[in-house]
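Asks: One structure, pasted below without further comment.
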Amino acid sequence: MGLLALNAGSTSVKAAWFDAPGRDATWRIEMQYQENEPYGFWSATGEPPRTVLVPPHPGGGSEVVLRIMRTRIPGKIPAPPAVVVHRIVHGGTTFDRAVVLDDLNLPVLAGLAPLAPLHQPDNLAGVAAARAQFPQAVQVACFDTAFHAAWPDAARRFALPRRLHEQGIRRYGFHGLAHAFAARRLRESLPQARRAVIAHLGGGSSLCALDDFASVDCSMGYSPLDGLPMATRCGAIDPGVLLELAGPRGMPLDALGHLLYRESGMLGVSGLSAHMHKLLESRAQGAREAVDLYVHHVVRGIGAMAATLGGLDALVFSGGIGQRAAAIREAVCGRLGFLGVAVDPAANAAQAPVLEAAQSRVAVRIVACDEEAEMAREAFALVAGDSAG
């Protein structure tokens, strides 16, 4: 039973083919959106990297990836997929596990788009594109919020009137597929590391606290706008700033949303770029200030997560920045010595999977993020369960 995992993110679209449960992907394609350009840069297993024009509407990247699969490299897929699984960022209060997508639950998910405007429209447009191309396939959704569904009440609630909590104004947590994959890998390699923090650092960044490999907190809360500063997202911000912008300064809500989601973060602070590798290469003052801000918030967040866990056994880096930016890992870990974190400089420079120095009381690891593998695992289990039932 062939399965296609389609992962439409805010900065990329990834697809992977899985022949059967428990097996690695046999073929992958990834298309990265280019900053301020109308084209993407794609590469696939066994194919040279190329550029391609991307339609500007939601789902344009998914359409391009599916078209490339169909017309440019059709021999990579032995037959149409029996299952297509999609990453859906927000599941709200309704969806806490993988589900088969149908005409009843799709409108519910579309209604959550205002809570994840950089992701949900592209996620669902990818579903529409896959349904059109593979009408016979079972379409499955896996949710970034699901991994965090069992949080304790103290982590879930805002200090707002109870009626708002009951109406869904609560903390959900995100990047759940990435955090679930990292937690699984950590459990396999270090089963004794029961108090851990996963630093998923990339265009979107978040921290997740693991207690016995289950999520108990995340730096992202009500929306993927919360928590750490990101590529173009501001992260956590004093609500008084929002009241000031929307009140005395008269900023319309749509302009405020655009400011917070698309003009802030590393791009807004640096005035140069949203991409960390460009900021690290630059000598401009704005670039240095953006990097320093990012590191400050990551360190502060890890310290807070460790406090909620009562200590730290492991720190895991994942995501594009976490996996590839040695300078960021060095700066972060250099400020966490009070927790017992010590990194071997040679291992860090080499991007080795094991980073901790001999004297470190905390395991420090890199886990290459594979959301598609986690999506495939959940979808295969769901379809097998439905078949058995």
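Every chain in the structure tokens has a letter given in the order shown (A, B, ...), and although residue numbers restart at 1 in each chain, ligands are simply numbered from 1 in the order shown.
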Quick one: residues within 7 Å of A:Leu101, only C-alpha atoms counted, chain neighbours fewer than 3 positions away excluded, as a ChimeraX atom specification?

Replies: /A:105-106,139-141

Asks: With C-alpha atoms retained, export the selected residues as a JSON list (two decimals), in the first residue's frame.

Replies:
```
[["chain", "number", "residue", "atom", "x", "y", "z"],
["A", 105, "ASN", "CA", -14.47, 17.93, 8.69],
["A", 106, "LEU", "CA", -12.76, 20.00, 5.98],
["A", 139, "GLN", "CA", -6.89, 11.47, 2.39],
["A", 140, "VAL", "CA", -5.65, 11.63, 6.00],
["A", 141, "ALA", "CA", -4.87, 14.62, 8.22]]
```

Asks: Which polymer residues have any atom within 10 Å of an atom of A:Pro345, counting only C-alpha atoms, with same-chain residues fewer than 3 positions away left out, as number ranges by chain?

Replies: A: 326, 330, 342, 348-351, 355-357

Asks: Could you list, as a PyMOL selection string, every residue within 9 Å of A:Glu371, counting only C-alpha atoms and ignoring same-chain residues fewer than 3 positions away?

Replies: chain A and resi 7+87+177-181+374-376

Asks: If you count only C-alpha atoms, which residues fall within 12 Å of A:Phe213, apart from same-chain ones fewer than 3 positions away, as a list of chain:residue names?

Replies: A:Phe147, A:His148, A:His179, A:Ala180, A:Phe181, A:Ala182, A:Ala183, A:Arg184, A:Arg185, A:Leu186, A:Arg187, A:Glu188, A:Leu190, A:Pro191, A:Gln192, A:Ala193, A:Arg194, A:Arg195, A:Ala196, A:Val197, A:Ile198, A:Cys208, A:Ala209, A:Leu210, A:Val216, A:Asp217, A:Leu309, A:Asp313, A:Ala314

Asks: What does the file look like for those residues with C-alpha atoms, as a short mmCIF file (atom, residue, chain, number, x, y, z; two decimals), in the first residue's frame?

Replies:
```
data_model
loop_
_atom_site.label_atom_id
_atom_site.label_comp_id
_atom_site.auth_asym_id
_atom_site.auth_seq_id
_atom_site.Cartn_x
_atom_site.Cartn_y
_atom_site.Cartn_z
CA PHE A 147 0.99 15.83 20.29
CA HIS A 148 0.16 18.46 22.93
CA HIS A 179 8.38 17.24 18.34
CA ALA A 180 6.77 13.78 18.29
CA PHE A 181 9.41 12.50 15.85
CA ALA A 182 12.25 13.92 17.96
CA ALA A 183 10.74 12.49 21.14
CA ARG A 184 10.50 9.06 19.53
CA ARG A 185 14.13 9.17 18.41
CA LEU A 186 15.25 10.36 21.85
CA ARG A 187 13.37 7.54 23.56
CA GLU A 188 15.02 4.98 21.28
CA LEU A 190 18.30 7.58 25.50
CA PRO A 191 15.41 5.92 27.34
CA GLN A 192 16.71 7.35 30.62
CA ALA A 193 16.34 10.97 29.41
CA ARG A 194 12.88 11.50 30.86
CA ARG A 195 13.18 15.28 31.32
CA ALA A 196 14.00 16.81 27.96
CA VAL A 197 13.58 19.97 25.94
CA ILE A 198 13.31 19.85 22.16
CA CYS A 208 8.75 21.59 23.76
CA ALA A 209 9.12 20.23 27.29
CA LEU A 210 8.97 16.43 27.53
CA VAL A 216 3.77 18.91 28.89
CA ASP A 217 4.39 22.40 27.50
CA LEU A 309 10.41 19.83 34.46
CA ASP A 313 18.36 15.22 31.21
CA ALA A 314 18.55 16.02 27.49
#
```

Asks: Any idea what's packed within 9 Å of A:Cys234, counting only C-alpha atoms, ignoring anything in its chain fewer than 6 positions away? Could you give it as a PyMOL selection string?

Replies: chain A and resi 225-228+259-266+268

Asks: Within 9 Å of A:Pro21, counting only C-alpha atoms, which residues show up once you throw out same-chain ones fewer than 6 positions away? Write them as a PyMOL selection string, please.

Replies: chain A and resi 1+376-377+380-381

Asks: Nearest to A:Ile302 among A:Ile321, A:Ser270, A:Phe338, A:Gly22, with distances taken over only C-alpha atoms: which residue is it?

Replies: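 Comparing A:Ile321, A:Ser270, A:Phe338, A:Gly22 against A:Ile302, the winner is A:Phe338.
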
Asks: Just the strand (DSSP E) stuff from stretch 56-206 of chain A, please, per backbone DSSP, written as a ChimeraX atom specification.

Replies: /A:83-88,99-100,138-143,195-200,206

Asks: Using C-alpha atoms, can you export the residues from the last selection as a compact mmCIF listing (two decimals), in the first residue's frame?

Replies:
```txt
# COMPACT_ATOMS: atom_id res chain seq x y z
CA VAL A 83 -3.22 7.00 1.02
CA VAL A 84 -2.21 10.67 0.98
CA VAL A 85 -1.44 12.11 4.40
CA HIS A 86 -1.33 15.85 5.05
CA ARG A 87 0.16 17.95 7.80
CA ILE A 88 -2.55 20.24 9.18
CA VAL A 99 -8.44 11.50 10.94
CA VAL A 100 -9.68 10.64 7.47
CA VAL A 138 -7.79 7.95 1.24
CA GLN A 139 -6.89 11.47 2.39
CA VAL A 140 -5.65 11.63 6.00
CA ALA A 141 -4.87 14.62 8.22
CA CYS A 142 -2.26 14.64 10.98
CA PHE A 143 -2.25 17.62 13.34
CA ARG A 195 13.18 15.28 31.32
CA ALA A 196 14.00 16.81 27.96
CA VAL A 197 13.58 19.97 25.94
CA ILE A 198 13.31 19.85 22.16
CA ALA A 199 14.51 23.03 20.45
CA HIS A 200 12.90 22.92 17.02
CA SER A 206 9.40 26.39 19.15
```
